[in-house]
>>> print(open('coords_8.txt').read())   # compact mmCIF, C-alpha atoms
# COMPACT_ATOMS: atom_id res chain seq x y z
CA MET A 1 11.95 -9.25 21.56
CA SER A 2 9.29 -11.75 20.39
CA LEU A 3 7.26 -11.06 17.29
CA SER A 4 3.52 -10.61 17.62
CA VAL A 5 1.00 -13.01 16.10
CA LEU A 6 -0.08 -10.23 13.74
CA THR A 7 3.50 -9.75 12.58
CA LEU A 8 3.91 -13.48 11.92
CA CYS A 9 0.62 -13.56 9.99
CA ALA A 10 1.62 -10.54 7.92
CA PHE A 11 5.02 -12.06 7.20
CA GLY A 12 3.36 -15.35 6.20
CA SER A 13 0.98 -13.53 3.89
CA LEU A 14 3.90 -11.72 2.25
CA LEU A 15 5.72 -15.02 1.68
CA ALA A 16 2.57 -16.50 0.19
CA TRP A 17 2.24 -13.59 -2.24
CA LEU A 18 5.89 -13.83 -3.24
CA TRP A 19 5.43 -17.54 -3.90
CA LEU A 20 2.35 -16.86 -6.05
CA LEU A 21 4.20 -14.17 -7.97
CA LEU A 22 7.30 -16.26 -8.63
CA ALA A 23 6.19 -19.88 -8.65
CA ARG A 24 2.59 -20.02 -9.90
CA GLY A 25 3.27 -20.16 -13.61
CA ASN A 26 3.47 -16.37 -14.07
CA TYR A 27 -0.34 -16.43 -14.12
CA TRP A 28 -0.51 -12.69 -13.41
CA ARG A 29 1.32 -11.53 -16.53
CA CYS A 30 -1.67 -11.83 -18.88
CA ASP A 31 0.66 -12.76 -21.72
CA GLN A 32 -1.26 -15.68 -23.23
CA LEU A 33 -2.81 -13.82 -26.15
CA LEU A 34 -3.89 -14.95 -29.60
CA THR A 35 -1.59 -12.58 -31.45
CA GLY A 36 0.91 -12.86 -34.28
CA LYS A 37 0.52 -13.58 -37.96
CA VAL A 38 -2.32 -15.84 -39.09
CA ALA A 39 -0.98 -18.94 -40.81
CA ASP A 40 -1.17 -19.10 -44.60
CA LEU A 41 -2.93 -22.45 -44.79
CA GLU A 42 -3.08 -24.22 -48.12
CA GLN A 43 -6.64 -25.30 -47.41
CA TRP A 44 -8.75 -23.90 -44.62
CA PRO A 45 -10.88 -26.44 -42.74
CA ASN A 46 -14.61 -25.91 -42.28
CA VAL A 47 -16.21 -25.04 -38.95
CA VAL A 48 -19.66 -25.53 -37.45
CA ALA A 49 -20.59 -23.18 -34.62
CA VAL A 50 -23.04 -24.44 -32.00
CA ILE A 51 -24.78 -21.82 -29.84
CA PRO A 52 -27.07 -22.88 -26.99
CA ALA A 53 -29.59 -20.13 -26.32
CA ARG A 54 -32.14 -19.84 -23.53
CA ASP A 55 -33.97 -16.53 -23.29
CA GLU A 56 -31.24 -14.61 -25.13
CA ALA A 57 -33.37 -12.25 -27.20
CA GLU A 58 -31.31 -9.23 -26.16
CA SER A 59 -27.98 -10.52 -27.48
CA ILE A 60 -28.45 -13.47 -29.83
CA GLU A 61 -28.68 -11.45 -33.05
CA GLN A 62 -25.51 -9.50 -32.30
CA ALA A 63 -23.69 -12.71 -31.38
CA VAL A 64 -24.69 -14.51 -34.59
CA ILE A 65 -23.97 -11.51 -36.82
CA SER A 66 -20.46 -11.22 -35.34
CA LEU A 67 -19.76 -14.75 -36.59
CA LEU A 68 -21.29 -14.16 -40.00
CA LYS A 69 -19.00 -11.15 -40.46
CA GLN A 70 -15.85 -13.21 -39.92
CA SER A 71 -13.41 -13.20 -42.84
CA PHE A 72 -12.56 -16.89 -42.93
CA GLY A 73 -10.99 -19.10 -45.59
CA GLY A 74 -13.18 -22.12 -44.85
CA SER A 75 -16.93 -22.45 -44.68
CA LEU A 76 -18.83 -21.61 -41.50
CA HIS A 77 -22.27 -22.87 -40.52
CA ILE A 78 -24.07 -21.71 -37.38
CA ILE A 79 -26.54 -23.83 -35.44
CA VAL A 80 -28.50 -22.09 -32.69
CA VAL A 81 -30.27 -24.43 -30.29
CA ASP A 82 -33.31 -22.73 -28.80
CA ASP A 83 -33.30 -24.19 -25.30
CA ASN A 84 -37.03 -23.86 -24.55
CA SER A 85 -36.87 -20.06 -24.45
CA SER A 86 -39.83 -18.07 -23.15
CA ASP A 87 -38.90 -15.01 -25.22
CA GLU A 88 -38.40 -14.43 -28.96
CA THR A 89 -34.91 -15.95 -29.22
CA ALA A 90 -35.90 -18.45 -31.93
CA LYS A 91 -37.89 -15.86 -33.88
CA ILE A 92 -34.96 -13.43 -33.93
CA VAL A 93 -32.55 -16.08 -35.22
CA SER A 94 -35.04 -17.27 -37.85
CA ALA A 95 -35.29 -13.70 -39.16
CA ILE A 96 -31.55 -13.56 -39.94
CA ASP A 97 -31.41 -13.83 -43.73
CA ASP A 98 -28.39 -16.06 -44.21
CA GLU A 99 -28.42 -19.69 -45.31
CA ARG A 100 -25.46 -20.40 -43.04
CA VAL A 101 -27.66 -19.94 -39.96
CA GLU A 102 -30.16 -22.48 -38.65
CA VAL A 103 -32.17 -22.63 -35.46
CA ILE A 104 -33.42 -25.90 -33.99
CA SER A 105 -35.83 -26.39 -31.11
CA GLY A 106 -34.43 -28.04 -28.03
CA LYS A 107 -36.10 -31.11 -26.57
CA PRO A 108 -37.18 -31.37 -22.92
CA LEU A 109 -34.29 -31.67 -20.47
CA PRO A 110 -33.64 -35.31 -19.48
CA GLU A 111 -32.47 -36.41 -16.04
CA LYS A 112 -28.77 -36.17 -15.17
CA TRP A 113 -28.14 -33.51 -17.83
CA ALA A 114 -27.27 -29.87 -17.23
CA GLY A 115 -29.39 -27.62 -19.43
CA LYS A 116 -26.58 -26.04 -21.41
CA MET A 117 -24.88 -29.37 -22.07
CA TRP A 118 -28.15 -30.89 -23.30
CA ALA A 119 -28.60 -28.01 -25.73
CA VAL A 120 -24.99 -28.31 -26.91
CA ALA A 121 -25.39 -32.07 -27.35
CA GLN A 122 -28.42 -31.57 -29.57
CA GLY A 123 -26.59 -29.00 -31.66
CA ILE A 124 -23.60 -31.28 -32.08
CA GLU A 125 -25.79 -34.23 -33.05
CA TYR A 126 -27.51 -32.10 -35.69
CA ALA A 127 -24.18 -30.78 -36.97
CA LYS A 128 -22.70 -34.26 -37.15
CA ALA A 129 -25.61 -35.50 -39.25
CA LYS A 130 -25.62 -32.54 -41.63
CA PHE A 131 -21.89 -31.75 -41.83
CA PRO A 132 -20.18 -35.10 -41.09
CA LYS A 133 -16.81 -34.15 -42.58
CA THR A 134 -16.37 -30.84 -40.77
CA PRO A 135 -13.24 -31.15 -38.59
CA TYR A 136 -13.94 -28.36 -36.07
CA LEU A 137 -16.74 -27.29 -33.77
CA LEU A 138 -16.92 -23.78 -32.34
CA LEU A 139 -18.77 -23.94 -29.04
CA THR A 140 -19.76 -20.43 -28.07
CA ASP A 141 -22.43 -18.57 -26.11
CA ALA A 142 -25.40 -16.49 -27.16
CA ASP A 143 -24.05 -13.39 -25.41
CA ILE A 144 -20.60 -13.28 -27.06
CA GLU A 145 -19.67 -10.83 -29.80
CA HIS A 146 -16.62 -12.13 -31.61
CA GLY A 147 -13.99 -9.73 -32.88
CA GLU A 148 -13.06 -9.53 -36.54
CA GLY A 149 -10.67 -12.29 -37.61
CA ILE A 150 -11.02 -14.32 -34.41
CA LEU A 151 -12.22 -17.46 -36.19
CA SER A 152 -9.22 -17.41 -38.52
CA ARG A 153 -6.87 -16.98 -35.55
CA LEU A 154 -8.50 -19.83 -33.63
CA VAL A 155 -8.27 -22.22 -36.57
CA SER A 156 -4.76 -21.04 -37.44
CA LYS A 157 -3.62 -21.73 -33.89
CA ALA A 158 -5.23 -25.17 -33.85
CA GLU A 159 -3.80 -26.18 -37.22
CA THR A 160 -0.32 -24.77 -36.70
CA ASP A 161 0.20 -26.25 -33.23
CA GLN A 162 -1.95 -29.36 -33.79
CA LEU A 163 -4.20 -28.53 -30.84
CA ASP A 164 -7.36 -30.40 -29.90
CA LEU A 165 -8.88 -27.41 -28.12
CA VAL A 166 -8.28 -23.67 -28.49
CA SER A 167 -10.19 -21.42 -26.11
CA LEU A 168 -10.37 -17.72 -25.38
CA MET A 169 -11.56 -16.10 -22.17
CA VAL A 170 -13.50 -13.26 -23.77
CA ARG A 171 -13.45 -9.78 -22.30
CA LEU A 172 -16.22 -9.26 -19.79
CA ARG A 173 -18.01 -5.94 -19.69
CA CYS A 174 -16.25 -3.50 -17.38
CA GLU A 175 -18.16 -0.21 -17.40
CA THR A 176 -19.98 0.22 -14.09
CA LEU A 177 -18.37 0.79 -10.70
CA TRP A 178 -19.15 -2.75 -9.55
CA GLU A 179 -17.72 -4.17 -12.76
CA ALA A 180 -14.52 -2.14 -12.42
CA LEU A 181 -14.13 -3.35 -8.83
CA LEU A 182 -14.91 -7.04 -9.38
CA ILE A 183 -14.53 -8.10 -13.03
CA PRO A 184 -10.71 -7.74 -13.38
CA PRO A 185 -10.23 -9.62 -10.07
CA PHE A 186 -12.57 -12.34 -11.39
CA VAL A 187 -10.34 -12.80 -14.44
CA TYR A 188 -7.27 -12.56 -12.20
CA PHE A 189 -8.57 -15.24 -9.81
CA PHE A 190 -9.39 -17.57 -12.71
CA GLN A 191 -5.82 -17.22 -13.97
CA LYS A 192 -4.50 -17.87 -10.47
CA LEU A 193 -6.61 -21.00 -10.15
CA PHE A 194 -5.67 -22.23 -13.64
CA PRO A 195 -2.37 -20.60 -14.70
CA PHE A 196 -2.70 -20.28 -18.46
CA PRO A 197 0.98 -21.14 -19.16
CA TRP A 198 0.44 -24.40 -17.26
CA VAL A 199 -2.77 -25.11 -19.18
CA ASN A 200 -0.87 -24.57 -22.42
CA ASN A 201 2.02 -26.81 -21.38
CA PRO A 202 1.28 -30.39 -22.55
CA ARG A 203 3.64 -31.73 -19.86
CA ARG A 204 1.44 -30.36 -17.08
CA LYS A 205 -1.90 -31.78 -15.98
CA THR A 206 -3.55 -28.38 -15.42
CA ALA A 207 -6.50 -28.07 -17.79
CA ALA A 208 -9.06 -25.31 -18.24
CA ALA A 209 -11.09 -23.55 -20.90
CA ALA A 210 -13.55 -20.67 -21.16
CA GLY A 211 -16.99 -21.69 -22.36
CA GLY A 212 -17.69 -18.49 -24.27
CA CYS A 213 -15.25 -19.44 -27.02
CA MET A 214 -13.99 -22.99 -27.54
CA LEU A 215 -12.78 -24.36 -30.88
CA VAL A 216 -12.81 -28.14 -30.51
CA ARG A 217 -11.38 -30.69 -32.89
CA TRP A 218 -14.19 -33.10 -33.69
CA SER A 219 -11.89 -36.12 -33.49
CA ALA A 220 -10.93 -35.14 -29.92
CA LEU A 221 -14.58 -34.89 -28.93
CA HIS A 222 -15.20 -38.32 -30.42
CA ARG A 223 -12.16 -39.70 -28.57
CA ILE A 224 -13.53 -38.76 -25.15
CA GLY A 225 -16.95 -40.23 -25.88
CA GLY A 226 -18.75 -37.08 -26.96
CA ILE A 227 -20.32 -34.30 -24.95
CA SER A 228 -22.20 -36.87 -22.86
CA ARG A 229 -18.90 -37.34 -21.01
CA ILE A 230 -19.62 -34.05 -19.21
CA CYS A 231 -23.42 -34.12 -19.42
CA ASP A 232 -24.01 -33.15 -15.77
CA ARG A 233 -21.24 -30.58 -15.33
CA VAL A 234 -22.13 -27.03 -14.37
CA ILE A 235 -18.54 -25.91 -15.00
CA ASP A 236 -18.60 -27.59 -18.38
CA ASP A 237 -15.74 -25.72 -20.05
CA CYS A 238 -13.05 -26.80 -17.59
CA ALA A 239 -14.51 -30.31 -17.48
CA LEU A 240 -14.23 -30.55 -21.27
CA ALA A 241 -10.63 -29.33 -21.18
CA ALA A 242 -9.76 -31.85 -18.46
CA ALA A 243 -11.25 -34.66 -20.53
CA ILE A 244 -9.46 -33.66 -23.75
CA LYS A 245 -5.96 -32.74 -22.53
CA PRO A 246 -4.71 -36.25 -21.60
CA GLY A 247 -5.12 -37.25 -25.26
CA GLY A 248 -3.95 -34.08 -26.98
CA PRO A 249 -2.62 -30.55 -26.32
CA ILE A 250 -4.92 -27.63 -25.57
CA TRP A 251 -4.47 -23.85 -25.42
CA LEU A 252 -6.22 -21.15 -23.40
CA GLY A 253 -5.70 -17.44 -23.80
CA LEU A 254 -7.18 -14.02 -23.12
CA ALA A 255 -9.27 -12.31 -25.79
CA GLU A 256 -8.59 -8.72 -26.77
CA THR A 257 -11.45 -8.11 -29.21
CA SER A 258 -14.12 -10.75 -28.49
CA HIS A 259 -16.29 -9.66 -25.61
CA SER A 260 -19.35 -10.55 -23.57
CA LEU A 261 -22.56 -8.61 -24.17
CA ARG A 262 -23.83 -9.39 -20.69
CA GLY A 263 -23.50 -6.53 -18.24
CA TYR A 264 -23.60 -6.39 -14.46
CA ASP A 265 -24.95 -3.03 -13.39
CA ARG A 266 -25.38 -4.12 -9.78
CA LEU A 267 -23.49 -6.25 -7.31
CA GLY A 268 -26.27 -8.86 -7.37
CA GLY A 269 -25.56 -9.82 -10.96
CA ILE A 270 -21.89 -10.55 -10.33
CA TRP A 271 -22.79 -12.23 -7.04
CA ASP A 272 -25.16 -14.64 -8.81
CA MET A 273 -22.56 -15.38 -11.50
CA VAL A 274 -19.96 -16.41 -8.93
CA ALA A 275 -22.28 -18.08 -6.42
CA ARG A 276 -23.69 -20.27 -9.19
CA THR A 277 -20.44 -22.21 -9.59
CA ALA A 278 -18.08 -21.49 -6.68
CA PHE A 279 -19.30 -24.36 -4.49
CA VAL A 280 -19.17 -26.74 -7.46
CA GLN A 281 -15.60 -25.61 -8.17
CA LEU A 282 -14.77 -26.63 -4.59
CA ARG A 283 -16.25 -30.09 -5.21
CA ARG A 284 -19.24 -29.30 -3.01
CA SER A 285 -16.99 -29.77 0.01
CA ASN A 286 -17.71 -27.78 3.17
CA LEU A 287 -14.11 -28.39 4.25
CA LEU A 288 -12.75 -26.87 1.04
CA VAL A 289 -15.08 -23.89 1.47
CA ALA A 290 -13.72 -23.35 4.97
CA LEU A 291 -10.11 -23.71 3.83
CA SER A 292 -10.74 -21.44 0.84
CA THR A 293 -12.28 -18.78 3.07
CA ILE A 294 -9.35 -18.94 5.47
CA GLY A 295 -6.97 -18.69 2.54
CA MET A 296 -8.74 -15.64 1.14
CA VAL A 297 -8.61 -13.93 4.54
CA PHE A 298 -4.93 -14.79 4.91
CA LEU A 299 -4.00 -13.51 1.46
CA PHE A 300 -6.23 -10.47 1.01
CA LEU A 301 -7.29 -9.21 4.43
CA VAL A 302 -4.27 -9.84 6.65
CA PRO A 303 -1.99 -7.24 4.93
CA PRO A 304 -4.35 -4.24 5.33
CA THR A 305 -5.32 -5.42 8.81
CA ALA A 306 -1.66 -5.62 9.79
CA ILE A 307 -1.09 -2.08 8.58
CA GLY A 308 -4.06 -0.67 10.48
CA PHE A 309 -3.53 -2.46 13.78
CA GLY A 310 0.24 -2.30 13.48
CA LEU A 311 0.24 1.49 13.21
CA LYS A 312 -2.41 1.85 15.90
CA ASN A 313 -0.63 -0.37 18.43
CA GLY A 314 2.95 0.56 17.58
CA ASP A 315 3.68 -2.83 16.00
CA LEU A 316 6.01 -1.53 13.31
CA PRO A 317 7.12 -4.96 11.94
CA ALA A 318 3.49 -5.94 11.38
CA ALA A 319 2.81 -2.69 9.53
CA ILE A 320 5.93 -3.07 7.39
CA PHE A 321 5.12 -6.64 6.40
CA GLY A 322 1.53 -5.56 5.76
CA VAL A 323 2.66 -2.81 3.39
CA ALA A 324 5.01 -5.21 1.59
CA GLY A 325 2.30 -7.87 1.20
CA TRP A 326 -0.28 -5.38 -0.02
CA SER A 327 2.26 -3.96 -2.48
CA VAL A 328 3.06 -7.35 -4.01
CA MET A 329 -0.66 -8.11 -4.17
CA ALA A 330 -1.38 -4.83 -5.95
CA VAL A 331 1.47 -5.21 -8.42
CA SER A 332 0.28 -8.67 -9.43
CA ILE A 333 -3.10 -7.47 -10.73
CA VAL A 334 -1.82 -4.46 -12.69
CA PRO A 335 -1.45 -6.41 -16.00
CA THR A 336 -5.09 -7.54 -15.72
CA LEU A 337 -6.22 -3.97 -15.05
CA LYS A 338 -4.21 -2.84 -18.08
CA LEU A 339 -5.90 -5.49 -20.22
CA TYR A 340 -9.24 -3.99 -19.21
CA GLY A 341 -8.11 -0.41 -19.73
CA LEU A 342 -8.34 0.53 -16.06
CA ASN A 343 -6.04 2.75 -14.04
CA ALA A 344 -3.44 0.91 -11.96
CA ALA A 345 -4.83 2.71 -8.91
CA TYR A 346 -7.62 0.11 -8.81
CA SER A 347 -4.99 -2.40 -7.70
CA VAL A 348 -5.15 -1.14 -4.10
CA LEU A 349 -8.78 -2.29 -3.97
CA LEU A 350 -7.88 -5.95 -4.49
CA PRO A 351 -8.32 -6.74 -0.74
CA VAL A 352 -11.89 -5.43 -0.97
CA ALA A 353 -12.59 -7.62 -4.01
CA GLY A 354 -10.95 -10.58 -2.29
CA GLY A 355 -13.17 -10.14 0.75
CA ILE A 356 -16.30 -9.92 -1.40
CA TYR A 357 -15.37 -13.02 -3.42
CA GLY A 358 -14.71 -14.93 -0.20
CA THR A 359 -18.21 -14.04 0.97
CA MET A 360 -19.62 -15.09 -2.41
CA THR A 361 -18.01 -18.50 -1.99
CA VAL A 362 -19.70 -19.03 1.37
CA SER A 363 -22.97 -17.82 -0.18
CA SER A 364 -22.57 -20.38 -2.96
CA ALA A 365 -22.32 -23.20 -0.42
CA LEU A 366 -25.38 -21.97 1.46
CA ARG A 367 -27.39 -21.76 -1.76
CA ASP A 368 -26.50 -25.31 -2.66
CA HIS A 369 -27.53 -26.59 0.76
CA ARG A 370 -30.88 -24.82 0.28
CA GLY A 371 -31.44 -26.59 -3.03
CA LYS A 372 -30.66 -23.54 -5.18
CA GLY A 373 -27.14 -24.43 -6.31
CA GLY A 374 -26.14 -23.67 -9.88
CA ALA A 375 -29.35 -21.70 -10.42
CA TRP A 376 -29.56 -20.31 -13.96
CA LYS A 377 -32.65 -19.15 -15.83
CA GLY A 378 -35.15 -21.23 -13.93
CA ARG A 379 -32.98 -24.32 -13.45
CA SER A 380 -31.08 -25.49 -10.39
CA TYR A 381 -28.32 -28.10 -10.11
CA SER A 382 -27.82 -28.75 -6.40
CA ALA A 383 -26.29 -32.05 -5.36
>>> encode(input="coords_8.txt", output="structure tokens")
Amino acid sequence: MSLSVLTLCAFGSLLAWLWLLLARGNYWRCDQLLTGKVADLEQWPNVVAVIPARDEAESIEQAVISLLKQSFGGSLHIIVVDDNSSDETAKIVSAIDDERVEVISGKPLPEKWAGKMWAVAQGIEYAKAKFPKTPYLLLTDADIEHGEGILSRLVSKAETDQLDLVSLMVRLRCETLWEALLIPPFVYFFQKLFPFPWVNNPRRKTAAAAGGCMLVRWSALHRIGGISRICDRVIDDCALAAAIKPGGPIWLGLAETSHSLRGYDRLGGIWDMVARTAFVQLRRSNLLVALSTIGMVFLFLVPPTAIGFGLKNGDLPAAIFGVAGWSVMAVSIVPTLKLYGLNAAYSVLLPVAGGIYGTMTVSSALRDHRGKGGAWKGRSYSA
């Protein structure tokens, strides 16, 4: 008796999931956490935090205050770069009564620069002139609230392990129905694309970082030629990690207390977040978009399809392999759901999330072709 095409596809999908589970750096375990005892350093190094801010009036104060509240053995100075905001971002920062905080006005965006990188570059230049002997930069976003003690843990990790970059993927908000459906899979997919244990292994080339929280050794930034090395990158965090890692070890983990203040009440918000960078992540290649879409269908949609059509048409092998593939798929995202405090029952919805993210990827390519790629707060970075 010959096996049906559906059965072969379901069996192939199951094998693919088993390979991901067993041979992809244990990406799904969510075990790269900044835990353990903070080192008892004889002398704590100083840190300068650079925060690019464009129309961030809703969150900038909370983000800055969370840094000012850090219990840290060294000195901390915060430089907020007002990136030509149309709201009261600069005014809000200026009203914070703390000499450790400064706000500078961003200059007009030059050609070949991405907006965020231009703002970061200006902040770094200012910091370098005013605090030339500070060994670390904390590059963070205006919508991130840092948990208590995070700065000490970041510096402790960097000093103890002699790392050039320590980054945390902060917790994204996960309160609405759309967030519960799509945010944990977003974190899961990022880990699958860049297995954190591989990123943290200096013998592997895999490099990645999360732009919301990156502690960078100043000497490493100087070694790669400064932030101008990645001046035009939309996915700047991973580009920075890729530039730094060949010359020194890096570390990327998942945050437990630091979190994003940006919420996504509707599908459109998450859609825009993904579509802004997905096509860039695929090197603006239509071929890679097509292959990625096929891969998403094969991994996420074949198992439930095999179950449905298998049971309907009496194709028992297809249904069995479909159940097995869906089960492995569901099990693999449970640790991520646990990290976000969600019931494991959400794991059965991973095929739905996979289908939506596949559609977002295609949408990202279409936006780029229409000249709206990388759109963010009035700026666009299409090829």
>>> closest_residue(input="coords_8.txt", among="A:Ser13, A:Ser228, A:Thr206, A:Thr176", to="A:Met296", atoms="only C-alpha atoms")
A:Ser13
>>> residues_around(input="coords_8.txt", residues="A:Ile270", least_positions_apart="4", cutoff="10 Å", atoms="all atoms listed in the file", output="list of chain:residue names")
A:Trp178, A:Glu179, A:Leu182, A:Ile183, A:Phe186, A:Gly263, A:Tyr264, A:Asp265, A:Arg266, A:Val274, A:Ala275, A:Arg276, A:Tyr357, A:Met360
>>> atom_distance(input="coords_8.txt", atom1="atom CA of A:Ala158", atom2="atom CA of A:Gln43")
13.6 Å
>>> residues_around(input="coords_8.txt", residues="A:Phe189", least_positions_apart="5", cutoff="10 Å", atoms="all atoms listed in the file", output="NGL selection string")
:A and (27-28 or 183-184 or 194-195 or 333 or 354 or 357)
>>> residues_around(input="coords_8.txt", residues="A:Gly25", least_positions_apart="3", cutoff="8 Å", atoms="all atoms listed in the file", output="VMD selection string")
chain A and resid 22 195 to 198
>>> closest_residue(input="coords_8.txt", among="A:Ala39, A:Ala220, A:Ile51, A:Val80", to="A:Leu154", atoms="all atoms listed in the file")
A:Ala39
>>> decode(input="coords_8.txt", residues="stretch 242-262 of chain A", atoms="N, CA and C atoms", output="mmCIF file, in the first residue's frame")
data_model
loop_
_atom_site.group_PDB
_atom_site.id
_atom_site.type_symbol
_atom_site.label_atom_id
_atom_site.label_comp_id
_atom_site.auth_asym_id
_atom_site.auth_seq_id
_atom_site.Cartn_x
_atom_site.Cartn_y
_atom_site.Cartn_z
ATOM 1 N N ALA A 242 26.578 41.105 15.200
ATOM 2 C CA ALA A 242 27.357 40.428 14.169
ATOM 3 C C ALA A 242 28.699 41.116 13.942
ATOM 4 N N ALA A 243 28.730 42.432 14.108
ATOM 5 C CA ALA A 243 29.982 43.162 13.931
ATOM 6 C C ALA A 243 30.932 42.959 15.112
ATOM 7 N N ILE A 244 30.371 42.844 16.312
ATOM 8 C CA ILE A 244 31.202 42.740 17.522
ATOM 9 C C ILE A 244 31.717 41.329 17.764
ATOM 10 N N LYS A 245 30.907 40.310 17.529
ATOM 11 C CA LYS A 245 31.251 38.951 17.965
ATOM 12 C C LYS A 245 32.561 38.407 17.401
ATOM 13 N N PRO A 246 32.934 38.663 16.151
ATOM 14 C CA PRO A 246 34.215 38.119 15.675
ATOM 15 C C PRO A 246 35.422 38.576 16.488
ATOM 16 N N GLY A 247 35.312 39.710 17.191
ATOM 17 C CA GLY A 247 36.441 40.213 17.965
ATOM 18 C C GLY A 247 36.315 40.013 19.459
ATOM 19 N N GLY A 248 35.186 39.497 19.917
ATOM 20 C CA GLY A 248 35.002 39.298 21.348
ATOM 21 C C GLY A 248 33.673 38.646 21.644
ATOM 22 N N PRO A 249 33.555 37.911 22.752
ATOM 23 C CA PRO A 249 32.322 37.173 23.069
ATOM 24 C C PRO A 249 31.158 38.086 23.402
ATOM 25 N N ILE A 250 29.958 37.606 23.113
ATOM 26 C CA ILE A 250 28.733 38.334 23.420
ATOM 27 C C ILE A 250 27.779 37.400 24.157
ATOM 28 N N TRP A 251 26.728 37.981 24.726
ATOM 29 C CA TRP A 251 25.733 37.156 25.446
ATOM 30 C C TRP A 251 24.358 37.769 25.254
ATOM 31 N N LEU A 252 23.385 36.913 24.998
ATOM 32 C CA LEU A 252 21.996 37.341 24.809
ATOM 33 C C LEU A 252 21.085 36.473 25.654
ATOM 34 N N GLY A 253 20.215 37.101 26.400
ATOM 35 C CA GLY A 253 19.306 36.342 27.253
ATOM 36 C C GLY A 253 17.911 36.930 27.259
ATOM 37 N N LEU A 254 17.040 36.288 28.017
ATOM 38 C CA LEU A 254 15.648 36.713 28.151
ATOM 39 C C LEU A 254 15.460 37.436 29.486
ATOM 40 N N ALA A 255 14.822 38.586 29.431
ATOM 41 C CA ALA A 255 14.582 39.361 30.653
ATOM 42 C C ALA A 255 13.376 38.812 31.398
ATOM 43 N N GLU A 256 13.426 38.893 32.701
ATOM 44 C CA GLU A 256 12.304 38.490 33.540
ATOM 45 C C GLU A 256 11.612 39.684 34.175
ATOM 46 N N THR A 257 12.344 40.783 34.389
ATOM 47 C CA THR A 257 11.756 41.943 35.059
ATOM 48 C C THR A 257 11.702 43.183 34.171
ATOM 49 N N SER A 258 12.661 43.373 33.291
ATOM 50 C CA SER A 258 12.604 44.509 32.365
ATOM 51 C C SER A 258 11.538 44.233 31.315
ATOM 52 N N HIS A 259 10.750 45.247 30.990
ATOM 53 C CA HIS A 259 9.665 45.005 30.058
ATOM 54 C C HIS A 259 9.382 46.224 29.178
ATOM 55 N N SER A 260 8.750 45.969 28.054
ATOM 56 C CA SER A 260 8.371 47.030 27.129
ATOM 57 C C SER A 260 7.077 47.687 27.598
ATOM 58 N N LEU A 261 7.011 48.992 27.440
ATOM 59 C CA LEU A 261 5.814 49.753 27.801
ATOM 60 C C LEU A 261 4.867 49.901 26.615
ATOM 61 N N ARG A 262 5.309 49.424 25.465
ATOM 62 C CA ARG A 262 4.503 49.563 24.257
ATOM 63 C C ARG A 262 3.511 48.405 24.158
#
